[in-house]
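Source file: entry-v3.cif; contents: mmCIF, C-alpha atoms; chains and numbers go by the auth columns.
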```cif
data_upload
loop_
_atom_site.group_PDB
_atom_site.id
_atom_site.type_symbol
_atom_site.label_atom_id
_atom_site.label_comp_id
_atom_site.label_asym_id
_atom_site.label_seq_id
_atom_site.Cartn_x
_atom_site.Cartn_y
_atom_site.Cartn_z
_atom_site.B_iso_or_equiv
_atom_site.auth_seq_id
_atom_site.auth_asym_id
ATOM 1 C CA MET A 1 -23.518 156.926 213.531 0.00 1 A
ATOM 2 C CA VAL A 2 -22.251 158.618 216.621 0.00 2 A
ATOM 3 C CA GLY A 3 -24.544 157.127 219.264 0.00 3 A
ATOM 4 C CA THR A 4 -28.123 157.629 220.342 0.00 4 A
ATOM 5 C CA SER A 5 -28.758 154.443 222.346 0.00 5 A
ATOM 6 C CA LEU A 6 -26.992 152.490 225.066 0.00 6 A
ATOM 7 C CA SER A 7 -29.105 149.390 224.461 0.00 7 A
ATOM 8 C CA SER A 8 -28.613 149.122 220.702 0.00 8 A
ATOM 9 C CA TYR A 9 -25.273 150.570 219.640 0.00 9 A
ATOM 10 C CA SER A 10 -23.835 148.080 217.170 0.00 10 A
ATOM 11 C CA GLY A 11 -22.248 149.976 214.291 0.00 11 A
ATOM 12 C CA THR A 12 -21.837 153.191 216.284 0.00 12 A
ATOM 13 C CA ILE A 13 -18.850 154.717 218.045 0.00 13 A
ATOM 14 C CA ILE A 14 -20.347 153.632 221.379 0.00 14 A
ATOM 15 C CA ALA A 15 -19.541 150.040 220.404 0.00 15 A
ATOM 16 C CA VAL A 16 -15.799 150.757 220.371 0.00 16 A
ATOM 17 C CA ILE A 17 -15.376 152.896 223.477 0.00 17 A
ATOM 18 C CA PRO A 18 -14.213 151.231 226.695 0.00 18 A
ATOM 19 C CA ALA A 19 -16.976 149.508 228.661 0.00 19 A
ATOM 20 C CA ALA A 20 -16.103 151.570 231.759 0.00 20 A
ATOM 21 C CA LEU A 21 -16.854 154.801 229.883 0.00 21 A
ATOM 22 C CA ARG A 22 -19.961 153.357 228.268 0.00 22 A
ATOM 23 C CA ALA A 23 -21.266 152.428 231.750 0.00 23 A
ATOM 24 C CA VAL A 24 -21.215 156.060 232.955 0.00 24 A
ATOM 25 C CA LEU A 25 -22.517 157.872 229.863 0.00 25 A
ATOM 26 C CA LYS A 26 -25.512 160.101 230.439 0.00 26 A
ATOM 27 C CA SER A 27 -28.055 161.022 227.796 0.00 27 A
ATOM 28 C CA VAL A 28 -28.419 164.640 226.728 0.00 28 A
ATOM 29 C CA THR A 29 -31.054 166.456 224.702 0.00 29 A
ATOM 30 C CA LYS A 30 -29.613 168.296 221.722 0.00 30 A
ATOM 31 C CA TYR A 31 -31.486 170.699 219.449 0.00 31 A
ATOM 32 C CA THR A 32 -30.507 170.798 215.803 0.00 32 A
ATOM 33 C CA ASP A 33 -32.003 171.566 212.423 0.00 33 A
ATOM 34 C CA ASN A 34 -32.936 167.936 211.848 0.00 34 A
ATOM 35 C CA THR A 35 -34.773 168.667 208.593 0.00 35 A
ATOM 36 C CA GLY A 36 -32.120 170.470 206.538 0.00 36 A
ATOM 37 C CA GLY A 37 -32.973 170.939 202.893 0.00 37 A
ATOM 38 C CA GLY A 38 -31.858 174.541 202.653 0.00 38 A
ATOM 39 C CA SER A 39 -34.643 175.971 204.829 0.00 39 A
ATOM 40 C CA THR A 40 -34.126 178.142 207.894 0.00 40 A
ATOM 41 C CA ALA A 41 -37.536 177.517 209.455 0.00 41 A
ATOM 42 C CA ALA A 42 -37.634 177.555 213.259 0.00 42 A
ATOM 43 C CA SER A 43 -39.784 174.405 213.163 0.00 43 A
ATOM 44 C CA ASN A 44 -36.844 172.495 211.642 0.00 44 A
ATOM 45 C CA VAL A 45 -34.948 172.761 214.943 0.00 45 A
ATOM 46 C CA THR A 46 -36.012 169.719 216.936 0.00 46 A
ATOM 47 C CA ALA A 47 -34.728 167.655 219.858 0.00 47 A
ATOM 48 C CA THR A 48 -32.846 164.365 219.849 0.00 48 A
ATOM 49 C CA THR A 49 -31.520 162.323 222.752 0.00 49 A
ATOM 50 C CA ASP A 50 -27.867 161.441 222.336 0.00 50 A
ATOM 51 C CA TYR A 51 -24.985 159.845 224.234 0.00 51 A
ATOM 52 C CA PHE A 52 -22.195 160.762 221.822 0.00 52 A
ATOM 53 C CA PHE A 53 -22.853 163.769 219.617 0.00 53 A
ATOM 54 C CA LEU A 54 -21.176 166.190 217.281 0.00 54 A
ATOM 55 C CA LEU A 55 -21.054 169.789 218.435 0.00 55 A
ATOM 56 C CA SER A 56 -23.103 172.447 216.659 0.00 56 A
ATOM 57 C CA GLU A 57 -21.835 175.659 215.072 0.00 57 A
ATOM 58 C CA TYR A 58 -23.292 177.716 217.924 0.00 58 A
ATOM 59 C CA GLU A 59 -21.905 175.441 220.666 0.00 59 A
ATOM 60 C CA VAL A 60 -18.389 175.978 219.288 0.00 60 A
ATOM 61 C CA PHE A 61 -18.424 179.525 217.900 0.00 61 A
ATOM 62 C CA GLY A 62 -21.164 181.266 219.931 0.00 62 A
ATOM 63 C CA SER A 63 -22.647 182.632 216.715 0.00 63 A
ATOM 64 C CA ILE A 64 -24.116 181.268 213.511 0.00 64 A
ATOM 65 C CA SER A 65 -22.949 182.159 210.025 0.00 65 A
ATOM 66 C CA ARG A 66 -23.612 178.936 208.089 0.00 66 A
ATOM 67 C CA ALA A 67 -26.316 176.963 209.950 0.00 67 A
ATOM 68 C CA ASN A 68 -30.013 177.622 210.583 0.00 68 A
ATOM 69 C CA SER A 69 -29.943 180.735 212.803 0.00 69 A
ATOM 70 C CA ASN A 70 -32.826 179.298 214.842 0.00 70 A
ATOM 71 C CA GLU A 71 -30.476 176.722 216.367 0.00 71 A
ATOM 72 C CA ALA A 72 -29.001 179.502 218.542 0.00 72 A
ATOM 73 C CA SER A 73 -32.212 179.945 220.551 0.00 73 A
ATOM 74 C CA LYS A 74 -32.023 176.318 221.752 0.00 74 A
ATOM 75 C CA GLN A 75 -28.270 176.033 222.362 0.00 75 A
ATOM 76 C CA ALA A 76 -25.467 177.534 224.425 0.00 76 A
ATOM 77 C CA GLN A 77 -21.814 177.948 223.589 0.00 77 A
ATOM 78 C CA TYR A 78 -19.641 175.560 225.584 0.00 78 A
ATOM 79 C CA ALA A 79 -17.570 177.356 228.252 0.00 79 A
ATOM 80 C CA TYR A 80 -14.395 175.757 226.865 0.00 80 A
ATOM 81 C CA TYR A 81 -14.814 177.661 223.601 0.00 81 A
ATOM 82 C CA SER A 82 -16.221 180.883 225.076 0.00 82 A
ATOM 83 C CA ALA A 83 -13.083 181.043 227.259 0.00 83 A
ATOM 84 C CA GLY A 84 -11.049 181.479 224.077 0.00 84 A
ATOM 85 C CA ASN A 85 -9.614 177.983 223.797 0.00 85 A
ATOM 86 C CA SER A 86 -8.513 176.807 220.373 0.00 86 A
ATOM 87 C CA LYS A 87 -10.958 175.317 217.904 0.00 87 A
ATOM 88 C CA ILE A 88 -8.124 173.537 216.111 0.00 88 A
ATOM 89 C CA LYS A 89 -8.111 169.722 216.332 0.00 89 A
ATOM 90 C CA TYR A 90 -5.219 167.501 215.295 0.00 90 A
ATOM 91 C CA LYS A 91 -5.005 164.219 213.408 0.00 91 A
ATOM 92 C CA HIS A 92 -4.699 161.154 215.625 0.00 92 A
ATOM 93 C CA ASN A 93 -1.694 159.871 213.683 0.00 93 A
ATOM 94 C CA GLY A 94 0.101 163.175 213.322 0.00 94 A
ATOM 95 C CA THR A 95 -0.450 165.433 216.292 0.00 95 A
ATOM 96 C CA SER A 96 1.283 168.319 214.568 0.00 96 A
ATOM 97 C CA THR A 97 -1.113 168.152 211.591 0.00 97 A
ATOM 98 C CA ALA A 98 -4.345 170.103 212.039 0.00 98 A
ATOM 99 C CA ALA A 99 -7.526 168.506 210.709 0.00 99 A
ATOM 100 C CA TYR A 100 -10.875 169.657 209.369 0.00 100 A
ATOM 101 C CA TRP A 101 -13.702 168.420 211.637 0.00 101 A
ATOM 102 C CA TRP A 102 -17.461 168.110 211.156 0.00 102 A
ATOM 103 C CA LEU A 103 -20.117 169.844 213.213 0.00 103 A
ATOM 104 C CA ARG A 104 -23.703 168.554 213.419 0.00 104 A
ATOM 105 C CA SER A 105 -25.337 171.699 212.023 0.00 105 A
ATOM 106 C CA PRO A 106 -26.615 171.415 208.445 0.00 106 A
ATOM 107 C CA ARG A 107 -25.640 174.239 206.108 0.00 107 A
ATOM 108 C CA ALA A 108 -28.695 176.488 205.870 0.00 108 A
ATOM 109 C CA SER A 109 -28.089 177.544 202.272 0.00 109 A
ATOM 110 C CA SER A 110 -28.180 174.090 200.678 0.00 110 A
ATOM 111 C CA SER A 111 -29.714 170.656 200.907 0.00 111 A
ATOM 112 C CA ASP A 112 -26.501 168.609 200.909 0.00 112 A
ATOM 113 C CA GLY A 113 -24.007 170.274 203.208 0.00 113 A
ATOM 114 C CA PHE A 114 -22.934 170.551 206.811 0.00 114 A
ATOM 115 C CA VAL A 115 -20.913 173.024 208.788 0.00 115 A
ATOM 116 C CA TYR A 116 -17.337 172.126 209.692 0.00 116 A
ATOM 117 C CA VAL A 117 -14.224 173.656 211.195 0.00 117 A
ATOM 118 C CA TYR A 118 -11.223 174.394 208.974 0.00 118 A
ATOM 119 C CA ALA A 119 -7.754 173.275 210.022 0.00 119 A
ATOM 120 C CA ASP A 120 -7.094 176.894 211.091 0.00 120 A
ATOM 121 C CA GLY A 121 -10.113 176.891 213.456 0.00 121 A
ATOM 122 C CA ALA A 122 -12.448 178.956 211.234 0.00 122 A
ATOM 123 C CA VAL A 123 -16.036 177.958 210.484 0.00 123 A
ATOM 124 C CA THR A 124 -17.091 176.955 206.973 0.00 124 A
ATOM 125 C CA SER A 125 -19.411 174.479 205.257 0.00 125 A
ATOM 126 C CA TYR A 126 -19.361 172.058 202.371 0.00 126 A
ATOM 127 C CA GLY A 127 -21.029 169.015 200.873 0.00 127 A
ATOM 128 C CA ALA A 128 -21.672 166.061 203.143 0.00 128 A
ATOM 129 C CA GLY A 129 -19.809 163.636 200.873 0.00 129 A
ATOM 130 C CA TYR A 130 -16.385 164.580 202.202 0.00 130 A
ATOM 131 C CA SER A 131 -14.443 162.536 204.723 0.00 131 A
ATOM 132 C CA LEU A 132 -13.402 164.782 207.599 0.00 132 A
ATOM 133 C CA GLY A 133 -12.512 164.292 211.233 0.00 133 A
ATOM 134 C CA PHE A 134 -14.899 164.638 214.123 0.00 134 A
ATOM 135 C CA ALA A 135 -14.648 165.540 217.795 0.00 135 A
ATOM 136 C CA PRO A 136 -17.681 164.104 219.602 0.00 136 A
ATOM 137 C CA GLY A 137 -19.040 165.378 222.872 0.00 137 A
ATOM 138 C CA PHE A 138 -20.458 163.283 225.685 0.00 138 A
ATOM 139 C CA CYS A 139 -21.589 163.631 229.313 0.00 139 A
ATOM 140 C CA VAL A 140 -20.748 161.429 232.292 0.00 140 A
#
```

When written as structure tokens, how does the structure in this file appear?
Amino acid sequence: MVGTSLSSYSGTIIAVIPAALRAVLKSVTKYTDNTGGGSTAASNVTATTDYFFLLSEYEVFGSISRANSNEASKQAQYAYYSAGNSKIKYKHNGTSTAAYWWLRSPRASSSDGFVYVYADGAVTSYGAGYSLGFAPGFCV
């Protein structure tokens, strides 16, 4: 789990971040297709309150090609990415080795996949059983 509570975070990434950062985290409301299952219904896009969160396809790319297209009406692309900055992330133990990284958007065309970013910065999707990197967002 990434982190949806500051009062009960055992077993989440919030448990391992420095206490000084944890003390200044602010909650955010994120809209995502929280139903999945291969449907693209607008009603599947619902709100959650998060402290650490994965980015969505729209927040990174400013368009949707793999996720529920209804996510776009509740999200905005982050300025960092709309400014043309790289979508490539690197492995923590090999900063010259690009990594695949998960996004929070479920793949709209199936019931078992999520959207992720290829090592070259392109969007794609695959089954949720794969171990990939992640680049969480947070607000202070």

Note to self: Report as a ChimeraX atom specification all protein, DNA and RNA residues lying within 8 Å of segment 116-133 of chain A, evaluated on all atoms listed in the file, omitting residues in the same chain fewer than 4 positions from it.
What the structure shows: /A:57,61,66,86-89,91,98-103,107,112

Next item on the list: Calculate how many Å separate atom CA of Val24 of chain A from atom CA of Ser7 of chain A, rounding to one decimal.
Entry: 13.4 Å

Checklist line | Exercise: Ser105 of chain A partners within 6 Å, only C-alpha atoms, chain neighbours under 2 positions left out, as a ChimeraX atom specification | finding: /A:56,67,103,114-115

Notebook entry, point to check: Once you count only C-alpha atoms, which residues end up no further than 10 Å from (-29.4, 170.5, 197.5) in the file's frame, shown as a list in words?
Noted result: Gly36, Gly37, Gly38, Ser109, Ser110, Ser111, Asp112, Gly113 and Gly127 of chain A

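Atom CA of Thr48 of chain A to atom CA of Lys30 of chain A spans 5.4 Å [interatomic distance, one decimal].
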
Next item on the list: To verify the selection step, state as a list in words which residues the PyMOL selection byres ((chain A and resi 62) around 10) yields on this input.
Entry: Ser56, Glu57, Tyr58, Glu59, Val60, Phe61, Ser63, Ile64, Ala72, Gln75, Ala76, Gln77, Tyr78, Ala79, Tyr81 and Ser82 of chain A

Item checked: Proximity to Ile14 of chain A - best of A:Gly137, A:Asn34, A:Thr40, A:Ser96, only C-alpha atoms -> A:Gly137

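Checking A:Leu54, A:Ala42, A:Ile13, A:Ala83 one by one against Glu71 of chain A, counting only C-alpha atoms, you find the shortest gap at A:Ala42.
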
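The space between atom CA of Ala47 of chain A and atom CA of Ser8 of chain A spans 19.5 Å.
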
Put a box with edges along x, y and z around all the listed atoms of segment 88-93 of chain A, pad it by 8 Å on each side, then give me its centre and sizes in Å, one decimal, as JSON.
```
{"center_x": -4.9, "center_y": 166.7, "center_z": 214.9, "size_x": 22.4, "size_y": 29.7, "size_z": 18.9}
```

Next item on the list: May I have the residues within 12 Å of segment 21-23 of chain A as a VMD selection string, using all atoms listed in the file and disregarding those fewer than 2 positions away in the same chain?
Entry: chain A and resid 3 5 to 7 9 13 to 19 25 to 27 51 to 52 138 to 140

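You can rank A:His92, A:Ser73, A:Thr97, A:Phe53 by their closest distance to Pro136 of chain A using only C-alpha atoms, and at the top of that list sits A:Phe53.
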
Item checked: Selected residue, from A:Ser10, A:Thr32, A:Ser65, A:Thr46, that lies nearest to Arg104 of chain A when counting all atoms listed in the file -> A:Thr32

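Of the listed residues (A:Leu55, A:Ser43, A:Pro106, A:Asn85), A:Leu55 comes nearest to Phe134 of chain A; the distances count all atoms listed in the file.
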